[in-house]
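File shown here: start.txt, holding compact mmCIF, C-alpha atoms.
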# COMPACT_ATOMS: atom_id res chain seq x y z
CA MET A 1 -14.14 -21.43 -21.36
CA ILE A 2 -13.24 -20.42 -24.92
CA SER A 3 -10.79 -22.14 -27.23
CA GLU A 4 -7.12 -21.22 -27.30
CA GLU A 5 -7.64 -19.85 -30.81
CA LEU A 6 -10.44 -17.51 -29.73
CA LEU A 7 -8.43 -16.48 -26.68
CA ALA A 8 -5.47 -15.60 -28.92
CA TYR A 9 -7.78 -13.66 -31.26
CA SER A 10 -9.26 -11.76 -28.30
CA MET A 11 -5.81 -10.79 -27.09
CA GLN A 12 -4.70 -9.71 -30.56
CA HIS A 13 -7.69 -7.38 -30.80
CA SER A 14 -7.38 -5.86 -27.33
CA THR A 15 -4.96 -3.20 -26.12
CA ALA A 16 -1.62 -4.95 -25.70
CA GLU A 17 0.20 -5.09 -22.37
CA ASP A 18 3.13 -2.69 -22.09
CA GLU A 19 6.79 -3.51 -21.42
CA LEU A 20 6.44 -3.56 -17.62
CA LEU A 21 3.44 -5.89 -17.57
CA ALA A 22 5.12 -8.15 -20.12
CA ASP A 23 8.20 -8.31 -17.87
CA ILE A 24 6.09 -9.11 -14.81
CA SER A 25 4.57 -11.98 -16.77
CA ARG A 26 7.99 -13.15 -17.94
CA GLN A 27 9.57 -12.97 -14.48
CA THR A 28 6.59 -14.72 -12.91
CA HIS A 29 6.86 -17.63 -15.35
CA LEU A 30 10.62 -17.86 -14.79
CA LYS A 31 10.78 -17.54 -11.00
CA VAL A 32 7.43 -18.21 -9.33
CA LEU A 33 5.40 -21.35 -8.72
CA LYS A 34 2.01 -21.65 -10.39
CA PRO A 35 2.46 -18.84 -12.96
CA ARG A 36 -1.02 -19.69 -14.26
CA MET A 37 -2.30 -17.60 -11.35
CA LEU A 38 -1.13 -14.44 -13.15
CA SER A 39 -4.00 -12.20 -14.27
CA GLY A 40 -2.70 -11.58 -17.80
CA PRO A 41 -3.53 -8.86 -20.34
CA LEU A 42 -7.25 -9.49 -20.91
CA GLN A 43 -8.17 -9.65 -17.27
CA GLY A 44 -5.72 -6.89 -16.36
CA LYS A 45 -7.16 -4.48 -18.91
CA LEU A 46 -10.72 -5.34 -17.81
CA LEU A 47 -9.84 -4.54 -14.20
CA GLU A 48 -8.16 -1.27 -15.19
CA MET A 49 -11.13 -0.17 -17.26
CA LEU A 50 -13.71 -1.10 -14.60
CA VAL A 51 -11.81 0.85 -11.94
CA ARG A 52 -11.57 3.84 -14.30
CA ILE A 53 -15.20 3.68 -15.47
CA SER A 54 -16.59 3.22 -11.95
CA GLY A 55 -14.59 6.16 -10.61
CA ALA A 56 -13.43 4.03 -7.69
CA LYS A 57 -11.27 5.81 -5.13
CA ARG A 58 -10.76 3.03 -2.58
CA VAL A 59 -9.79 -0.35 -4.07
CA LEU A 60 -9.12 -3.55 -2.15
CA GLU A 61 -7.25 -6.49 -3.64
CA ILE A 62 -7.18 -9.79 -1.75
CA GLY A 63 -4.34 -11.77 -3.30
CA THR A 64 -1.50 -9.69 -4.78
CA TYR A 65 0.58 -12.57 -6.19
CA THR A 66 3.24 -10.78 -8.31
CA GLY A 67 1.35 -7.50 -8.67
CA TYR A 68 0.17 -7.63 -12.30
CA ALA A 69 -3.50 -6.94 -11.50
CA THR A 70 -2.51 -4.48 -8.77
CA ILE A 71 -0.69 -2.27 -11.23
CA CYS A 72 -3.53 -2.52 -13.75
CA MET A 73 -6.07 -1.38 -11.17
CA ALA A 74 -3.77 1.37 -9.87
CA ARG A 75 -3.56 2.72 -13.44
CA GLY A 76 -7.33 3.07 -13.47
CA LEU A 77 -7.41 5.16 -10.30
CA GLY A 78 -7.81 8.92 -10.29
CA ASP A 79 -5.32 11.29 -8.63
CA LYS A 80 -6.65 10.70 -5.11
CA GLY A 81 -7.34 6.98 -5.49
CA ARG A 82 -5.59 4.28 -3.50
CA ILE A 83 -5.44 0.48 -3.59
CA VAL A 84 -4.85 -1.72 -0.55
CA SER A 85 -3.41 -5.06 -1.66
CA LEU A 86 -3.17 -7.99 0.77
CA ASP A 87 -1.09 -11.12 0.31
CA ILE A 88 0.17 -13.85 2.62
CA ASN A 89 3.32 -14.76 0.66
CA GLU A 90 6.21 -12.79 2.16
CA GLU A 91 8.73 -14.54 -0.12
CA LEU A 92 7.45 -12.52 -3.09
CA GLU A 93 7.51 -9.16 -1.33
CA THR A 94 10.86 -7.89 -2.64
CA MET A 95 10.02 -8.81 -6.24
CA VAL A 96 6.55 -7.27 -6.01
CA ARG A 97 7.72 -4.02 -4.41
CA ASN A 98 10.28 -3.67 -7.20
CA PHE A 99 7.52 -3.99 -9.79
CA PHE A 100 5.45 -1.38 -7.96
CA SER A 101 8.43 0.98 -7.88
CA ARG A 102 9.02 0.54 -11.59
CA SER A 103 5.35 1.28 -12.32
CA GLY A 104 5.62 4.79 -10.87
CA LEU A 105 2.45 4.08 -8.88
CA ALA A 106 3.92 2.91 -5.58
CA GLU A 107 2.40 5.88 -3.74
CA LYS A 108 -1.07 4.66 -4.71
CA ILE A 109 -0.46 1.08 -3.52
CA ASP A 110 -0.69 0.08 0.15
CA TYR A 111 0.83 -3.42 0.01
CA ARG A 112 0.41 -5.47 3.19
CA ILE A 113 1.71 -8.94 4.01
CA GLY A 114 -0.33 -11.24 6.24
CA ASN A 115 -3.53 -13.25 6.50
CA ALA A 116 -6.27 -11.19 4.86
CA LEU A 117 -8.89 -12.24 7.42
CA ASP A 118 -6.62 -10.84 10.15
CA LEU A 119 -5.75 -7.67 8.22
CA LEU A 120 -9.26 -6.73 7.07
CA PRO A 121 -10.61 -5.80 10.53
CA GLN A 122 -7.73 -3.30 10.84
CA ILE A 123 -8.97 -1.37 7.78
CA LYS A 124 -11.71 1.01 8.85
CA GLU A 125 -12.59 2.82 5.61
CA PRO A 126 -15.08 1.08 3.26
CA PHE A 127 -14.03 0.17 -0.26
CA ASP A 128 -15.93 0.91 -3.46
CA PHE A 129 -14.09 -1.71 -5.59
CA VAL A 130 -12.87 -5.13 -4.43
CA PHE A 131 -10.96 -7.81 -6.34
CA ILE A 132 -10.80 -11.27 -4.73
CA ASP A 133 -8.15 -13.63 -6.09
CA ALA A 134 -6.71 -15.60 -3.18
CA ASP A 135 -7.27 -18.99 -1.49
CA LYS A 136 -10.57 -20.35 -2.72
CA ARG A 137 -11.65 -21.89 0.59
CA ASN A 138 -12.02 -18.41 2.09
CA TYR A 139 -13.88 -16.75 -0.79
CA VAL A 140 -17.15 -16.71 1.16
CA ASN A 141 -15.36 -15.29 4.21
CA TYR A 142 -13.68 -12.56 2.14
CA TYR A 143 -16.98 -11.69 0.50
CA ASP A 144 -18.85 -11.53 3.80
CA SER A 145 -16.08 -9.36 5.27
CA VAL A 146 -16.49 -6.58 2.69
CA VAL A 147 -19.94 -6.62 1.08
CA GLY A 148 -21.83 -5.30 4.10
CA GLU A 149 -19.55 -2.26 4.37
CA MET A 150 -19.79 -1.24 0.71
CA LYS A 151 -21.98 1.60 -0.47
CA PRO A 152 -24.62 1.12 -3.20
CA GLY A 153 -22.93 0.88 -6.59
CA GLY A 154 -19.76 -0.67 -5.19
CA LEU A 155 -18.24 -3.47 -7.25
CA ILE A 156 -16.76 -6.81 -6.23
CA LEU A 157 -14.92 -9.04 -8.71
CA ALA A 158 -13.89 -12.60 -7.88
CA ASP A 159 -11.55 -14.64 -10.07
CA ASN A 160 -11.54 -18.36 -10.92
CA ILE A 161 -15.24 -18.90 -10.31
CA LEU A 162 -15.50 -21.50 -13.11
CA TRP A 163 -12.50 -23.36 -11.64
CA SER A 164 -11.25 -24.99 -14.86
CA GLY A 165 -14.79 -26.12 -15.61
CA LYS A 166 -15.03 -28.18 -12.41
CA VAL A 167 -18.11 -26.25 -11.29
CA LEU A 168 -19.90 -28.72 -13.59
CA ALA A 169 -20.18 -32.22 -12.12
CA GLU A 170 -19.33 -33.90 -15.43
CA ASN A 171 -15.92 -32.18 -15.44
CA ARG A 172 -14.68 -33.60 -12.14
CA LYS A 173 -14.00 -37.05 -10.75
CA LYS A 174 -14.78 -36.02 -7.18
CA LEU A 175 -15.78 -32.90 -5.28
CA ASP A 176 -12.54 -31.57 -3.73
CA LYS A 177 -12.50 -28.82 -1.08
CA ASP A 178 -11.48 -25.99 -3.42
CA THR A 179 -14.22 -26.83 -5.91
CA ALA A 180 -16.76 -27.09 -3.10
CA ALA A 181 -15.66 -23.67 -1.86
CA ILE A 182 -16.10 -22.09 -5.30
CA LEU A 183 -19.55 -23.67 -5.66
CA ALA A 184 -20.51 -22.34 -2.22
CA PHE A 185 -19.27 -18.85 -3.10
CA ASN A 186 -21.14 -18.75 -6.41
CA GLU A 187 -24.35 -19.83 -4.69
CA ARG A 188 -23.82 -17.38 -1.81
CA VAL A 189 -23.58 -14.46 -4.22
CA ARG A 190 -26.50 -15.65 -6.35
CA GLN A 191 -28.80 -15.76 -3.33
CA ASP A 192 -27.63 -12.53 -1.69
CA PRO A 193 -30.49 -9.98 -1.96
CA ARG A 194 -28.05 -7.10 -1.37
CA VAL A 195 -26.39 -7.49 -4.76
CA GLU A 196 -26.81 -8.23 -8.44
CA ASN A 197 -24.22 -10.24 -10.33
CA VAL A 198 -23.10 -11.62 -13.67
CA VAL A 199 -20.64 -14.41 -14.47
CA LEU A 200 -18.10 -13.44 -17.12
CA PRO A 201 -16.50 -16.43 -18.91
CA ILE A 202 -13.13 -14.67 -19.20
CA ARG A 203 -10.18 -17.04 -18.71
CA ASP A 204 -11.18 -19.08 -15.63
CA GLY A 205 -14.33 -17.08 -14.98
CA ILE A 206 -14.91 -13.77 -13.18
CA MET A 207 -17.88 -12.99 -10.99
CA LEU A 208 -18.88 -9.33 -11.27
CA VAL A 209 -21.02 -8.20 -8.33
CA ARG A 210 -22.72 -4.82 -7.81
CA LYS A 211 -23.98 -3.71 -4.41
CA LEU A 212 -27.60 -2.54 -4.62

What does the file become when written as structure tokens?
Amino acid sequence: MISEELLAYSMQHSTAEDELLADISRQTHLKVLKPRMLSGPLQGKLLEMLVRISGAKRVLEIGTYTGYATICMARGLGDKGRIVSLDINEELETMVRNFFSRSGLAEKIDYRIGNALDLLPQIKEPFDFVFIDADKRNYVNYYDSVVGEMKPGGLILADNILWSGKVLAENRKKLDKDTAAILAFNERVRQDPRVENVVLPIRDGIMLVRKL
């Protein structure tokens, strides 16, 4: 976790978010609970660049929220690329679909509402890029649902894996269920012989995983 000053410096020296992304951020903070869940410009640009660099054609996002990261990843896709984005919160659907329409990328985004663990078995094609940013207690289940189907070189990113520093015992008063789930996920990935991984201390921590 870096200081607020270094975070501000990093943002000032990175490509700035455009008008649409800035409006998504603004509307999320005005109208939606827990706006801290928003990806933001640093993470959004990282996701866009990784999708573009990897040449991913089939992207899966587990946890759409208000669509900021979805649009970033869709921008990184080539002409034939597509992103399937799953979210359980139907109350946000109208807002999110409006953002997708405004982005001009709606045809690349397959946005589905429901429990991801119920929806995933319905998707037959394997993905070559996966972004996990949903309920922490199912991170291991989400990971196990996709990693075995990915081809070598496929990428998985998982957000919030430092969990406000609570992955360290000295930063928590007790071990709550969400923290325990994040610790279990981090250890599961570290010990998985099918992958290699690196922890990126960006915002609340991103796990970058590559299928071997």

Handout entry: CA of Leu92 (chain A) to CA of Tyr142 (chain A), straight-line distance in Å
Key = 21.8 Å

Practice task
Tell me which protein, DNA and RNA residues are within 9 Å of Gly153 (chain A), counting all atoms listed in the file, leaving out same-chain ones fewer than 5 positions away, and put them as a ChimeraX atom specification.
Solution key: /A:54,128,210-212

Each region 36-90 of chain A residue no farther than 9 Å from region 104-126 of chain A, nearest pair in Å, only C-alpha atoms, as a Markdown table:
| residue | atom | partner | partner_atom | distance |
| --- | --- | --- | --- | --- |
| A:Arg58 | CA | A:Pro126 | CA | 7.5 |
| A:Ile62 | CA | A:Ala116 | CA | 6.8 |
| A:Gly63 | CA | A:Ala116 | CA | 8.4 |
| A:Thr64 | CA | A:Tyr111 | CA | 8.2 |
| A:Thr70 | CA | A:Ile109 | CA | 7.9 |
| A:Ile71 | CA | A:Leu105 | CA | 7.5 |
| A:Ala74 | CA | A:Lys108 | CA | 6.7 |
| A:Arg75 | CA | A:Leu105 | CA | 7.7 |
| A:Leu77 | CA | A:Lys108 | CA | 8.5 |
| A:Asp79 | CA | A:Lys108 | CA | 8.8 |
| A:Lys80 | CA | A:Lys108 | CA | 8.2 |
| A:Gly81 | CA | A:Lys108 | CA | 6.7 |
| A:Arg82 | CA | A:Lys108 | CA | 4.7 |
| A:Ile83 | CA | A:Ile109 | CA | 5.0 |
| A:Val84 | CA | A:Asp110 | CA | 4.6 |
| A:Ser85 | CA | A:Tyr111 | CA | 4.8 |
| A:Leu86 | CA | A:Arg112 | CA | 5.0 |
| A:Asp87 | CA | A:Ile113 | CA | 5.1 |
| A:Ile88 | CA | A:Gly114 | CA | 4.5 |
| A:Asn89 | CA | A:Ile113 | CA | 6.9 |
| A:Glu90 | CA | A:Ile113 | CA | 6.2 |

How would the residues just chosen look if you wrote them out with C-alpha atoms as a short mmCIF file (atom, residue, chain, number, x, y, z; two decimals), in the frame of the given file?
data_model
loop_
_atom_site.label_atom_id
_atom_site.label_comp_id
_atom_site.auth_asym_id
_atom_site.auth_seq_id
_atom_site.Cartn_x
_atom_site.Cartn_y
_atom_site.Cartn_z
CA ARG A 58 -10.76 3.03 -2.58
CA ILE A 62 -7.18 -9.79 -1.75
CA GLY A 63 -4.34 -11.77 -3.30
CA THR A 64 -1.50 -9.69 -4.78
CA THR A 70 -2.51 -4.48 -8.77
CA ILE A 71 -0.69 -2.27 -11.23
CA ALA A 74 -3.77 1.37 -9.87
CA ARG A 75 -3.56 2.72 -13.44
CA LEU A 77 -7.41 5.16 -10.30
CA ASP A 79 -5.32 11.29 -8.63
CA LYS A 80 -6.65 10.70 -5.11
CA GLY A 81 -7.34 6.98 -5.49
CA ARG A 82 -5.59 4.28 -3.50
CA ILE A 83 -5.44 0.48 -3.59
CA VAL A 84 -4.85 -1.72 -0.55
CA SER A 85 -3.41 -5.06 -1.66
CA LEU A 86 -3.17 -7.99 0.77
CA ASP A 87 -1.09 -11.12 0.31
CA ILE A 88 0.17 -13.85 2.62
CA ASN A 89 3.32 -14.76 0.66
CA GLU A 90 6.21 -12.79 2.16
#

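With all atoms listed in the file as the basis for measurement, A:Leu42 is the residue among A:Thr66, A:Ile182, A:Met73, A:Leu42 that approaches Ala8 (chain A) most closely.
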
Practice task
For Thr15 (chain A), please output as a list in words all residues within 10 Å (counting only C-alpha atoms; exclusion window: fewer than 2 positions along the same chain).
Solution key: Ser10, Met11, Gln12, His13, Glu17, Asp18, Pro41, Leu42 and Lys45 of chain A

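We find CA of Arg172 (chain A) and CA of Tyr139 (chain A) to be spaced 20.3 Å apart.
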
Practice task
One decimal, Å: what's the distance from CA of Lys34 (chain A) over to CA of Ala169 (chain A), could you say?
Solution key: 24.6 Å
